[in-house]
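Here's input.txt, which has compact mmCIF, C-alpha atoms:
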```txt
# COMPACT_ATOMS: atom_id res chain seq x y z
CA MET A 1137 38.52 19.59 27.20
CA SER A 1138 36.12 20.06 30.15
CA THR A 1139 33.57 17.43 31.13
CA ALA A 1140 30.69 19.72 30.10
CA ALA A 1141 32.26 20.36 26.73
CA ALA A 1142 32.79 16.64 26.22
CA GLU A 1143 29.15 15.99 27.06
CA ARG A 1144 28.06 18.62 24.54
CA THR A 1145 30.27 16.98 21.94
CA VAL A 1146 28.73 13.57 22.61
CA THR A 1147 25.21 14.99 22.49
CA ALA A 1148 25.86 16.77 19.21
CA ALA A 1149 27.38 13.70 17.54
CA PRO A 1150 25.18 12.23 14.83
CA ALA A 1151 23.32 9.07 15.66
CA PRO A 1152 24.44 5.97 13.83
CA ALA A 1153 22.21 5.33 10.85
CA GLY A 1154 20.49 1.95 10.77
CA LEU A 1155 20.31 2.05 6.96
CA ASP A 1156 21.82 4.53 4.56
CA ARG A 1157 19.98 6.17 1.66
CA ARG A 1158 21.21 3.69 -0.93
CA GLN A 1159 20.06 0.74 1.15
CA VAL A 1160 16.60 2.26 1.64
CA HIS A 1161 16.35 2.89 -2.11
CA ALA A 1162 17.42 -0.70 -2.78
CA ILE A 1163 14.64 -1.94 -0.51
CA ALA A 1164 12.14 0.28 -2.34
CA ALA A 1165 13.33 -1.10 -5.69
CA CYS A 1166 12.92 -4.66 -4.40
CA TYR A 1167 9.37 -3.92 -3.29
CA PHE A 1168 8.62 -2.31 -6.66
CA VAL A 1169 9.74 -5.26 -8.78
CA ALA A 1170 8.20 -7.84 -6.44
CA SER A 1171 4.84 -6.06 -6.70
CA PHE A 1172 4.61 -6.28 -10.47
CA ALA A 1173 2.76 -9.60 -10.74
CA ALA A 1174 0.75 -9.02 -7.55
CA LEU A 1175 -0.59 -5.69 -8.86
CA GLY A 1176 -0.33 -6.04 -12.62
CA LEU A 1177 -1.94 -9.40 -13.32
CA PRO A 1178 -5.21 -9.37 -11.28
CA PRO A 1179 -6.90 -6.87 -13.68
CA PHE A 1180 -6.47 -9.57 -16.37
CA LEU A 1181 -8.24 -12.34 -14.45
CA THR A 1182 -11.18 -12.19 -16.86
CA ARG A 1183 -8.73 -13.20 -19.59
CA ILE A 1184 -6.97 -15.85 -17.52
CA LEU A 1185 -9.96 -17.72 -16.11
CA PRO A 1186 -11.56 -18.92 -19.39
CA GLY A 1187 -8.42 -20.99 -20.03
CA LEU A 1188 -8.90 -22.62 -16.62
CA GLY A 1189 -12.50 -23.67 -17.18
CA ASP A 1190 -14.36 -20.54 -16.03
CA GLN A 1191 -15.60 -19.48 -19.45
CA ASP A 1192 -17.44 -16.35 -18.27
CA GLY A 1193 -14.79 -15.27 -15.77
CA SER A 1194 -17.49 -15.32 -13.10
CA TRP A 1195 -14.96 -16.07 -10.36
CA ALA A 1196 -12.80 -13.05 -11.17
CA GLY A 1197 -14.33 -10.85 -8.47
CA VAL A 1198 -13.81 -13.43 -5.74
CA LEU A 1199 -10.31 -14.41 -6.83
CA TYR A 1200 -9.33 -10.73 -7.05
CA ILE A 1201 -9.53 -10.40 -3.26
CA VAL A 1202 -8.25 -13.89 -2.32
CA PRO A 1203 -4.58 -12.76 -2.02
CA THR A 1204 -5.69 -9.70 -0.04
CA VAL A 1205 -7.69 -11.79 2.43
CA PHE A 1206 -4.92 -14.28 3.08
CA SER A 1207 -2.25 -11.59 3.20
CA GLY A 1208 -4.20 -9.88 5.96
CA LEU A 1209 -4.71 -13.14 7.84
CA GLY A 1210 -1.05 -14.09 7.64
CA ALA A 1211 0.49 -10.68 8.36
CA PRO A 1212 0.19 -10.72 12.20
CA LEU A 1213 1.77 -14.19 12.37
CA TRP A 1214 4.69 -13.30 10.11
CA GLY A 1215 5.17 -10.03 11.99
CA ARG A 1216 5.54 -11.83 15.32
CA LEU A 1217 7.92 -14.35 13.77
CA ALA A 1218 9.99 -11.49 12.33
CA ASP A 1219 10.39 -9.96 15.80
CA ARG A 1220 11.49 -13.35 17.13
CA PHE A 1221 13.70 -14.73 14.34
CA GLY A 1222 14.88 -11.64 12.46
CA ARG A 1223 13.29 -9.12 10.08
CA LYS A 1224 15.68 -9.77 7.20
CA ARG A 1225 15.00 -13.49 7.32
CA LEU A 1226 11.24 -12.98 7.22
CA LEU A 1227 11.50 -10.39 4.44
CA LEU A 1228 13.46 -12.90 2.37
CA ARG A 1229 10.77 -15.46 3.18
CA ALA A 1230 8.11 -13.12 1.79
CA GLN A 1231 9.97 -12.59 -1.49
CA LEU A 1232 10.63 -16.31 -1.92
CA GLY A 1233 7.01 -17.03 -1.03
CA LEU A 1234 5.91 -14.81 -3.89
CA THR A 1235 8.29 -16.62 -6.24
CA VAL A 1236 6.84 -20.02 -5.34
CA SER A 1237 3.22 -18.85 -5.59
CA PHE A 1238 3.79 -17.16 -8.98
CA LEU A 1239 5.36 -20.35 -10.35
CA ILE A 1240 2.40 -22.42 -9.18
CA ALA A 1241 -0.04 -19.89 -10.67
CA GLY A 1242 1.78 -19.87 -14.01
CA TRP A 1243 1.80 -23.68 -14.27
CA ALA A 1244 -1.76 -24.17 -12.96
CA GLU A 1245 -4.04 -25.96 -15.41
CA SER A 1246 -7.27 -25.84 -13.41
CA LEU A 1247 -9.26 -23.31 -11.45
CA PRO A 1248 -8.68 -25.04 -8.07
CA ALA A 1249 -4.90 -25.13 -8.63
CA PHE A 1250 -4.88 -21.47 -9.61
CA THR A 1251 -6.94 -20.60 -6.54
CA VAL A 1252 -4.43 -22.43 -4.31
CA ALA A 1253 -1.66 -20.36 -5.91
CA LEU A 1254 -3.48 -17.13 -5.08
CA VAL A 1255 -4.02 -18.29 -1.49
CA LEU A 1256 -0.29 -18.99 -1.20
CA GLN A 1257 0.50 -15.63 -2.80
CA GLY A 1258 -1.41 -13.88 -0.05
CA PHE A 1259 -0.30 -16.02 2.87
CA LEU A 1260 3.35 -16.52 1.92
CA GLY A 1261 3.83 -13.05 0.46
CA GLY A 1262 3.03 -10.01 2.56
CA THR A 1263 6.07 -8.12 1.32
CA PHE A 1264 4.72 -4.71 2.30
CA ALA A 1265 4.33 -5.55 6.01
CA ALA A 1266 7.66 -7.40 6.00
CA THR A 1267 9.39 -4.47 4.32
CA ASN A 1268 7.94 -1.96 6.76
CA GLY A 1269 8.93 -4.13 9.71
CA TYR A 1270 12.48 -4.37 8.36
CA LEU A 1271 12.71 -0.58 7.96
CA ALA A 1272 11.18 0.11 11.38
CA ALA A 1273 13.82 -2.09 13.02
CA ALA A 1274 16.57 0.14 11.59
CA LEU A 1275 15.06 3.63 11.33
CA GLU A 1276 13.06 5.90 13.57
CA GLY A 1277 11.12 9.16 13.50
CA PRO A 1278 11.31 11.30 10.36
CA ARG A 1279 13.77 8.93 8.67
CA LEU A 1280 11.33 6.05 9.10
CA SER A 1281 8.28 8.00 7.97
CA ARG A 1282 10.25 9.21 4.92
CA ALA A 1283 11.17 5.61 4.11
CA LEU A 1284 7.55 4.46 4.55
CA THR A 1285 6.47 7.27 2.22
CA LEU A 1286 8.98 6.00 -0.33
CA MET A 1287 7.58 2.45 -0.02
CA GLN A 1288 4.11 3.77 -0.73
CA GLY A 1289 5.59 5.49 -3.78
CA SER A 1290 6.94 2.13 -4.94
CA ALA A 1291 3.47 0.62 -4.54
CA ARG A 1292 1.85 3.48 -6.50
CA ALA A 1293 4.44 3.22 -9.27
CA SER A 1294 3.83 -0.52 -9.57
CA LEU A 1295 0.08 0.04 -9.61
CA VAL A 1296 0.50 2.42 -12.55
CA ALA A 1297 3.21 0.64 -14.51
CA ALA A 1298 2.48 -3.06 -13.99
CA PRO A 1299 -0.86 -3.31 -15.86
CA ILE A 1300 0.68 -1.38 -18.77
CA LEU A 1301 3.59 -3.82 -19.02
CA VAL A 1302 1.31 -6.86 -18.70
CA GLY A 1303 -0.92 -5.51 -21.46
CA ALA A 1304 2.07 -4.78 -23.69
CA LEU A 1305 3.38 -8.35 -23.26
CA SER A 1306 -0.02 -9.99 -23.80
CA PRO A 1307 0.28 -10.39 -27.62
CA TRP A 1308 3.35 -12.57 -27.09
CA ILE A 1309 2.78 -14.16 -23.67
CA SER A 1310 -0.67 -14.77 -22.23
CA PRO A 1311 -1.35 -13.06 -18.88
CA HIS A 1312 -1.65 -16.53 -17.32
CA ARG A 1313 1.86 -17.59 -18.36
CA GLN A 1314 3.25 -14.20 -17.43
CA TYR A 1315 3.11 -15.40 -13.83
CA LEU A 1316 6.09 -17.61 -14.74
CA VAL A 1317 8.01 -14.62 -16.09
CA MET A 1318 7.09 -12.42 -13.14
CA ALA A 1319 8.32 -15.09 -10.69
CA VAL A 1320 11.85 -14.02 -11.60
CA LEU A 1321 11.29 -10.56 -10.11
CA PRO A 1322 10.81 -11.44 -6.42
CA LEU A 1323 13.62 -13.97 -6.80
CA LEU A 1324 15.94 -11.19 -7.98
CA ALA A 1325 14.67 -9.00 -5.14
CA ALA A 1326 15.52 -11.74 -2.63
CA GLY A 1327 19.03 -11.94 -4.07
CA LEU A 1328 19.54 -8.21 -3.58
CA LEU A 1329 18.02 -8.21 -0.10
CA ALA A 1330 20.37 -11.02 0.92
CA LEU A 1331 23.23 -8.53 0.55
CA LEU A 1332 21.67 -6.06 3.02
CA PRO A 1333 22.37 -6.17 6.76
CA GLU A 1334 20.11 -7.42 9.51
CA PRO A 1335 18.58 -4.16 10.76
CA SER A 1336 19.29 -2.71 14.18
CA ARG A 1337 17.68 0.38 15.60
CA PRO A 1338 19.88 3.49 15.72
CA VAL A 1339 20.17 5.73 18.75
CA ARG A 1340 17.92 8.77 18.31
CA PRO A 1341 19.51 12.13 19.18
CA SER A 1342 17.95 13.82 22.18
CA THR A 1343 17.58 16.99 20.13
CA GLU A 1344 15.35 15.36 17.50
CA ALA A 1345 12.04 17.17 17.27
CA GLU A 1346 8.84 15.30 18.04
CA PRO A 1347 5.83 15.81 15.76
CA ALA A 1348 3.68 18.44 17.42
CA ASP A 1349 0.28 16.78 17.14
CA VAL A 1350 1.17 13.10 17.41
CA VAL A 1351 0.53 11.18 20.62
CA PRO A 1352 3.02 8.28 20.84
CA GLY A 1353 1.33 4.94 21.27
CA SER A 1354 -1.98 5.91 19.63
CA LEU A 1355 -2.45 2.50 18.01
CA LYS A 1356 -6.23 2.47 18.32
CA LEU A 1357 -6.54 5.70 16.35
CA LEU A 1358 -3.94 4.54 13.81
CA TYR A 1359 -5.77 1.28 13.13
CA THR A 1360 -9.15 3.02 12.91
CA VAL A 1361 -8.07 5.68 10.43
CA GLU A 1362 -6.04 3.15 8.42
CA PHE A 1363 -9.15 1.02 7.96
CA ALA A 1364 -11.29 4.04 7.07
CA PHE A 1365 -8.73 5.45 4.64
CA VAL A 1366 -8.22 2.18 2.78
CA PHE A 1367 -11.97 1.60 2.67
CA SER A 1368 -12.83 5.07 1.36
CA THR A 1369 -10.16 5.06 -1.35
CA VAL A 1370 -10.35 1.44 -2.51
CA ILE A 1371 -14.14 1.42 -2.77
CA SER A 1372 -13.94 3.52 -5.95
CA PHE A 1373 -11.57 1.10 -7.73
CA PRO A 1374 -13.69 -1.94 -8.75
CA TYR A 1375 -16.41 -0.10 -10.68
CA LEU A 1376 -14.56 3.00 -11.85
CA VAL A 1377 -14.33 1.70 -15.42
CA ALA A 1378 -18.08 1.04 -15.48
CA LEU A 1379 -18.80 4.51 -14.09
CA VAL A 1380 -16.56 6.21 -16.67
CA GLU A 1381 -18.15 4.24 -19.51
CA GLN A 1382 -21.61 5.16 -18.22
CA LYS A 1383 -20.83 8.88 -17.96
CA LEU A 1384 -18.49 9.13 -20.99
CA PRO A 1385 -19.82 6.79 -23.69
CA GLY A 1386 -17.22 5.90 -26.32
CA VAL A 1387 -14.20 6.91 -24.22
CA SER A 1388 -11.06 4.96 -25.11
CA GLY A 1389 -9.48 2.38 -22.83
CA THR A 1390 -6.31 4.47 -22.70
CA VAL A 1391 -8.18 7.46 -21.28
CA THR A 1392 -9.97 5.26 -18.77
CA GLY A 1393 -6.65 3.82 -17.66
CA LEU A 1394 -5.17 7.28 -17.24
CA LEU A 1395 -8.15 8.38 -15.15
CA PHE A 1396 -7.67 5.31 -12.95
CA ALA A 1397 -3.96 6.05 -12.54
CA LEU A 1398 -4.24 9.81 -11.97
CA PRO A 1399 -4.53 9.78 -8.13
CA HIS A 1400 -1.49 7.50 -7.91
CA LEU A 1401 0.47 9.79 -10.22
CA CYS A 1402 -0.40 12.67 -7.88
CA TYR A 1403 1.21 10.73 -5.05
CA LEU A 1404 4.37 10.12 -7.04
CA ALA A 1405 4.60 13.80 -7.92
CA ALA A 1406 3.93 15.34 -4.52
CA ALA A 1407 4.55 12.85 -1.68
CA GLY A 1408 8.02 14.15 -0.80
CA ARG A 1409 6.89 17.75 -0.47
CA VAL A 1410 3.79 16.74 1.51
CA HIS A 1411 5.98 14.77 3.93
CA THR A 1412 8.14 17.83 4.59
CA ARG A 1413 5.12 20.10 5.03
CA PHE A 1414 3.12 17.86 7.40
CA LEU A 1415 5.86 16.00 9.28
CA GLU A 1416 5.11 17.90 12.48
CA ARG A 1417 1.32 17.99 12.09
CA PRO A 1418 0.25 14.65 10.61
CA ARG A 1419 -3.24 14.65 12.14
CA THR A 1420 -3.98 17.98 10.52
CA GLY A 1421 -2.78 16.65 7.17
CA LEU A 1422 -4.76 13.44 7.60
CA ALA A 1423 -7.98 15.32 8.37
CA ILE A 1424 -7.45 17.51 5.29
CA GLY A 1425 -6.66 14.38 3.28
CA PHE A 1426 -9.93 12.73 4.29
CA GLY A 1427 -11.71 15.93 3.33
CA PHE A 1428 -10.19 15.88 -0.16
CA VAL A 1429 -10.98 12.16 -0.53
CA ALA A 1430 -14.63 12.90 0.35
CA LEU A 1431 -14.72 15.86 -2.04
CA GLY A 1432 -13.10 13.89 -4.85
CA LEU A 1433 -15.39 10.89 -4.44
CA ALA A 1434 -18.49 13.07 -4.25
CA ALA A 1435 -17.41 14.85 -7.45
CA HIS A 1436 -17.50 11.53 -9.35
CA GLY A 1437 -21.30 11.53 -9.11
CA PRO A 1438 -22.15 14.70 -11.08
CA ALA A 1439 -19.07 14.45 -13.35
CA SER A 1440 -20.27 14.21 -16.95
CA SER A 1441 -17.29 15.30 -19.05
CA LEU A 1442 -13.64 14.36 -19.36
CA LEU A 1443 -12.65 17.65 -17.69
CA THR A 1444 -14.90 17.18 -14.65
CA PHE A 1445 -13.83 13.55 -14.28
CA THR A 1446 -10.20 14.63 -14.41
CA LEU A 1447 -10.83 17.24 -11.71
CA ALA A 1448 -12.58 14.66 -9.54
CA ARG A 1449 -9.64 12.26 -9.88
CA LEU A 1450 -7.17 15.06 -9.07
CA LEU A 1451 -9.09 15.94 -5.89
CA LEU A 1452 -9.02 12.28 -4.92
CA GLY A 1453 -5.28 12.22 -5.69
CA ILE A 1454 -4.64 15.14 -3.35
CA GLY A 1455 -6.51 13.34 -0.59
CA LEU A 1456 -4.73 10.07 -1.34
CA THR A 1457 -1.34 11.76 -1.11
CA LEU A 1458 -2.07 13.64 2.11
CA GLY A 1459 -3.60 10.58 3.73
CA LEU A 1460 -0.92 8.05 2.84
CA VAL A 1461 1.94 10.36 3.81
CA CYS A 1462 0.42 11.36 7.14
CA LEU A 1463 -0.47 7.76 7.94
CA SER A 1464 3.20 6.93 7.40
CA VAL A 1465 4.20 9.63 9.90
CA LEU A 1466 1.67 8.33 12.44
CA ALA A 1467 2.85 4.74 11.93
CA ALA A 1468 6.49 5.74 12.35
CA ASP A 1469 5.65 7.39 15.65
CA ALA A 1470 3.43 4.56 16.89
CA CYS A 1471 6.13 1.92 16.45
CA ARG A 1472 8.50 3.69 18.86
CA GLY A 1473 9.05 1.36 21.79
CA ARG A 1474 7.11 -1.47 20.12
CA ALA A 1475 8.11 -4.61 18.29
CA PRO A 1476 7.87 -3.37 14.68
CA GLY A 1477 7.09 -6.72 13.08
CA ARG A 1478 4.05 -7.27 15.26
CA MET A 1479 2.80 -3.71 14.88
CA PHE A 1480 3.15 -3.57 11.10
CA GLY A 1481 1.71 -7.06 10.78
CA SER A 1482 -1.38 -5.91 12.68
CA LEU A 1483 -1.52 -2.73 10.63
CA GLU A 1484 -1.41 -4.83 7.45
CA PHE A 1485 -4.27 -6.96 8.79
CA VAL A 1486 -6.35 -3.82 9.38
CA SER A 1487 -5.44 -2.41 5.96
CA LYS A 1488 -6.37 -5.59 4.13
CA GLY A 1489 -9.59 -5.74 6.13
CA GLY A 1490 -10.46 -2.27 4.88
CA ALA A 1491 -9.76 -3.30 1.29
CA VAL A 1492 -11.88 -6.46 1.54
CA ALA A 1493 -14.73 -4.57 3.21
CA ALA A 1494 -14.56 -1.93 0.47
CA GLY A 1495 -14.78 -4.59 -2.24
CA VAL A 1496 -17.77 -6.28 -0.61
CA VAL A 1497 -19.65 -3.03 0.01
CA ALA A 1498 -18.84 -1.78 -3.52
CA ALA A 1499 -20.30 -4.96 -5.02
CA LEU A 1500 -23.46 -4.75 -2.88
CA VAL A 1501 -24.25 -1.07 -3.43
CA ASN A 1502 -23.32 -1.23 -7.11
CA SER A 1503 -25.73 -4.12 -7.57
CA ALA A 1504 -28.49 -2.25 -5.76
CA PHE A 1505 -27.99 1.35 -6.90
CA GLY A 1506 -25.52 1.42 -9.82
CA PRO A 1507 -21.86 2.40 -10.29
CA THR A 1508 -22.26 5.84 -8.65
CA ALA A 1509 -23.18 4.29 -5.30
CA PRO A 1510 -19.69 3.03 -4.28
CA VAL A 1511 -18.11 6.49 -4.52
CA LEU A 1512 -20.94 7.99 -2.48
CA ALA A 1513 -20.49 5.32 0.20
CA GLY A 1514 -16.80 6.16 0.29
CA THR A 1515 -17.67 9.84 0.68
CA VAL A 1516 -19.68 9.14 3.83
CA ILE A 1517 -16.88 7.08 5.41
CA ALA A 1518 -14.24 9.69 4.53
CA LEU A 1519 -16.28 12.51 6.11
CA ALA A 1520 -16.84 10.46 9.27
CA ALA A 1521 -13.11 9.68 9.48
CA ALA A 1522 -12.17 13.35 8.99
CA SER A 1523 -14.45 14.25 11.91
CA LEU A 1524 -12.87 11.55 14.07
CA VAL A 1525 -9.34 12.82 13.36
CA LEU A 1526 -10.35 16.41 14.13
CA LEU A 1527 -11.92 15.32 17.44
CA SER A 1528 -8.78 13.37 18.35
CA ARG A 1529 -6.66 16.51 17.80
CA ARG A 1530 -8.85 18.54 20.16
CA SER A 1531 -8.75 15.89 22.87
CA ASN A 1532 -4.93 15.87 23.03
```
Can you present the structure in this file as structure tokens?
Amino acid sequence: MSTAAAERTVTAAPAPAGLDRRQVHAIAACYFVASFAALGLPPFLTRILPGLGDQDGSWAGVLYIVPTVFSGLGAPLWGRLADRFGRKRLLLRAQLGLTVSFLIAGWAESLPAFTVALVLQGFLGGTFAATNGYLAAALEGPRLSRALTLMQGSARASLVAAPILVGALSPWISPHRQYLVMAVLPLLAAGLLALLPEPSRPVRPSTEAEPADVVPGSLKLLYTVEFAFVFSTVISFPYLVALVEQKLPGVSGTVTGLLFALPHLCYLAAAGRVHTRFLERPRTGLAIGFGFVALGLAAHGPASSLLTFTLARLLLGIGLTLGLVCLSVLAADACRGRAPGRMFGSLEFVSKGGAVAAGVVAALVNSAFGPTAPVLAGTVIALAAASLVLLSRRSN
């Protein structure tokens, strides 16, 4: 065989895969089960707190965001430690941290003890950033963005399924004591993750296509649009039930729950196809996504029937799907040549900051102007972010 032919053979050989499909799916399953208590139990704080001395549940709003705040504060530190001491080790730490915090929460007999448990849940947990850092150390390019899209699907599935399961178990086990039951889930996840390898980055083939409208290293834009996207989508969550009850008097709790879950169901149904369609033009998809988020949020205001509310939630779901998928593609590109733990830890900090800011602004504008105001505030931010993304495309 000639030297040139040998070189062509080497070039055409497939790159070694950092993780195979089954391992990525196992990681997604671990994230799904570990998220159950973190996502399923907070909506029941108003039932938990009276048993801890807060008879009116007045601290529910503050305690709802405590894990988010401390998760954001801890994420950069854990990300740097993961780059230094190993991503698998720090991912196991996150799962075990959740186990410990859930046990403390389930056994807590006072409001201060329960608050400490939620602080530990946020600071010691951070499974999403740890999971993304683990994946980014083993995968690259389209394979990484596809895996990140799958992790978002796990989060959406938990967000839909967990409150339903918690509600179904409530007649037999109080939501407070369910923390003890849920502590088993991250422990099982840690056991499964212990069987997976320490990730190592594969060699990327020289023929792999680069996304056409992504500029490698655009961290500033990534952090900005991440904050704006989380803010504009999360701001509609806290007072959606109140808005639905105001516009649709007498609507059942089941219907309200389905309306809440509809955008996340859209993601589960369409994320894979959206990833394929916008892999090479993520900024275009992100700008369109922000546009749909703005349109969907704005439609909540005049919605006055079940049909119009459903359409508004579907529009928001389209925007949510486009935005989350394209943000995954941008994040996968941005981590090339960077320490993934540090980058995803910082990204988690920005994301949690957007969620906390959305909760604070939602509470303020709802108090001043009513439950329609948060979705209108989100509309303004989404439109501004869409304009920013479009300008960034033209400047590159």
### Query
By how many Å are atom CA of A:Leu1443 and atom CA of A:Leu1401 apart?
17.0 Å
#### Entry: Within 9 Å of stretch 1236-1243 of chain A using all atoms listed in the file, minus same-chain residues under 6 positions, as a PyMOL selection string
chain A and resi 1173-1174+1249-1258+1260-1261+1311-1319
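Among the candidates A:Ser1171, A:Ser1354, A:Thr1267, A:Gln1382, the one nearest to A:Phe1480 when counting only C-alpha atoms is A:Thr1267.
Between A:Val1202 and the residues A:Ala1244, A:Pro1178, A:Leu1526, A:Asp1469, the shortest atom-to-atom distance, using only C-alpha atoms, involves A:Pro1178.
You can rank A:Ala1266, A:Leu1483, A:Leu1286, A:Ala1406 by their closest distance to A:Val1160 using all atoms listed in the file, and at the top of that list sits A:Leu1286.
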### Query
Any idea what's packed within 7 Å of stretch 1516-1519 of chain A, counting only C-alpha atoms, ignoring anything in its chain fewer than 5 positions away? Could you give it as number ranges by chain?
A: 1364-1365, 1368, 1426-1427, 1429-1430
Just to be explicit: take each residue in the selection above, keep C-alpha atoms, and write the result as a short mmCIF file (atom, residue, chain, number, x, y, z; two decimals), keeping the file's coordinate frame.
```
data_model
loop_
_atom_site.label_atom_id
_atom_site.label_comp_id
_atom_site.auth_asym_id
_atom_site.auth_seq_id
_atom_site.Cartn_x
_atom_site.Cartn_y
_atom_site.Cartn_z
CA ALA A 1364 -11.29 4.04 7.07
CA PHE A 1365 -8.73 5.45 4.64
CA SER A 1368 -12.83 5.07 1.36
CA PHE A 1426 -9.93 12.73 4.29
CA GLY A 1427 -11.71 15.93 3.33
CA VAL A 1429 -10.98 12.16 -0.53
CA ALA A 1430 -14.63 12.90 0.35
#
```
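Of the listed residues (A:Tyr1375, A:Tyr1167, A:Phe1396, A:Phe1206), A:Tyr1375 comes nearest to A:Gly1506; the distances count all atoms listed in the file.
Here atom CA of A:Pro1179 and atom CA of A:Gly1262 stand 19.3 Å from one another.
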### Task
Pull the neighbourhood of (5.7, 10.5, -3.9) for me: all residues within 12 Å in file coordinates, counting all atoms listed in the file, as a ChimeraX atom specification.
/A:1282-1293,1399-1412,1453-1454,1456-1458,1460-1461
Padding of 8 Å on every side, edges along x, y and z, all listed atoms of stretch 1355-1360 of chain A included: what centre and edge lengths in Å, to one decimal, does that box have, as JSON?
```
{"center_x": -5.8, "center_y": 3.5, "center_z": 15.6, "size_x": 22.7, "size_y": 20.4, "size_z": 21.4}
```
Show me the residues around (-13.4, 3.8, -6.9) - criterion: an atom at most 12 Å away, all atoms listed in the file counted - as a short mmCIF file (atom, residue, chain, number, x, y, z; two decimals) with C-alpha atoms, keeping the file's coordinate frame.
```
data_model
loop_
_atom_site.label_atom_id
_atom_site.label_comp_id
_atom_site.auth_asym_id
_atom_site.auth_seq_id
_atom_site.Cartn_x
_atom_site.Cartn_y
_atom_site.Cartn_z
CA VAL A 1366 -8.22 2.18 2.78
CA PHE A 1367 -11.97 1.60 2.67
CA SER A 1368 -12.83 5.07 1.36
CA THR A 1369 -10.16 5.06 -1.35
CA VAL A 1370 -10.35 1.44 -2.51
CA ILE A 1371 -14.14 1.42 -2.77
CA SER A 1372 -13.94 3.52 -5.95
CA PHE A 1373 -11.57 1.10 -7.73
CA PRO A 1374 -13.69 -1.94 -8.75
CA TYR A 1375 -16.41 -0.10 -10.68
CA LEU A 1376 -14.56 3.00 -11.85
CA VAL A 1377 -14.33 1.70 -15.42
CA ALA A 1378 -18.08 1.04 -15.48
CA LEU A 1379 -18.80 4.51 -14.09
CA VAL A 1380 -16.56 6.21 -16.67
CA LEU A 1395 -8.15 8.38 -15.15
CA PHE A 1396 -7.67 5.31 -12.95
CA ALA A 1397 -3.96 6.05 -12.54
CA PRO A 1399 -4.53 9.78 -8.13
CA VAL A 1429 -10.98 12.16 -0.53
CA ALA A 1430 -14.63 12.90 0.35
CA GLY A 1432 -13.10 13.89 -4.85
CA LEU A 1433 -15.39 10.89 -4.44
CA ALA A 1434 -18.49 13.07 -4.25
CA ALA A 1435 -17.41 14.85 -7.45
CA HIS A 1436 -17.50 11.53 -9.35
CA GLY A 1437 -21.30 11.53 -9.11
CA ALA A 1448 -12.58 14.66 -9.54
CA ARG A 1449 -9.64 12.26 -9.88
CA LEU A 1452 -9.02 12.28 -4.92
CA GLY A 1453 -5.28 12.22 -5.69
CA ALA A 1491 -9.76 -3.30 1.29
CA ALA A 1494 -14.56 -1.93 0.47
CA GLY A 1495 -14.78 -4.59 -2.24
CA VAL A 1497 -19.65 -3.03 0.01
CA ALA A 1498 -18.84 -1.78 -3.52
CA ALA A 1499 -20.30 -4.96 -5.02
CA ASN A 1502 -23.32 -1.23 -7.11
CA PRO A 1507 -21.86 2.40 -10.29
CA THR A 1508 -22.26 5.84 -8.65
CA ALA A 1509 -23.18 4.29 -5.30
CA PRO A 1510 -19.69 3.03 -4.28
CA VAL A 1511 -18.11 6.49 -4.52
CA LEU A 1512 -20.94 7.99 -2.48
CA ALA A 1513 -20.49 5.32 0.20
CA GLY A 1514 -16.80 6.16 0.29
CA THR A 1515 -17.67 9.84 0.68
#
```
### Message
Need the shell around A:Gly1477: protein/DNA/RNA residues with any atom at most 8 Å away, counting only C-alpha atoms. Skip same-chain ones fewer than 4 positions apart. Format as a list in words?
### Response
Trp1214, Gly1215, Arg1216, Leu1217, Ala1218, Asp1219, Arg1223, Ala1265, Ala1266, Asn1268, Gly1269, Tyr1270 and Gly1481 of chain A
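A straight line drawn from atom CA of A:Leu1234 to atom CA of A:Thr1263 is 8.5 Å long.
Counting only C-alpha atoms and comparing A:Ser1440, A:Ser1336, A:Ser1281, A:Ser1306, the residue that lies closest to A:Cys1471 is A:Ser1281.
Minimum distance to A:Val1320 across A:Leu1450, A:Gly1490, A:Pro1476, A:Leu1232 (counting all atoms listed in the file) occurs at A:Leu1232.
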### Message
So that I can check the surroundings of A:Ser1207, please list as JSON, numbers by chain every protein, DNA and RNA residue that reaches within 6 Å of it, counting all atoms listed in the file and ignoring chain neighbours fewer than 3 positions away.
### Response
{"A": [1203, 1204, 1210, 1211, 1258, 1259, 1262]}
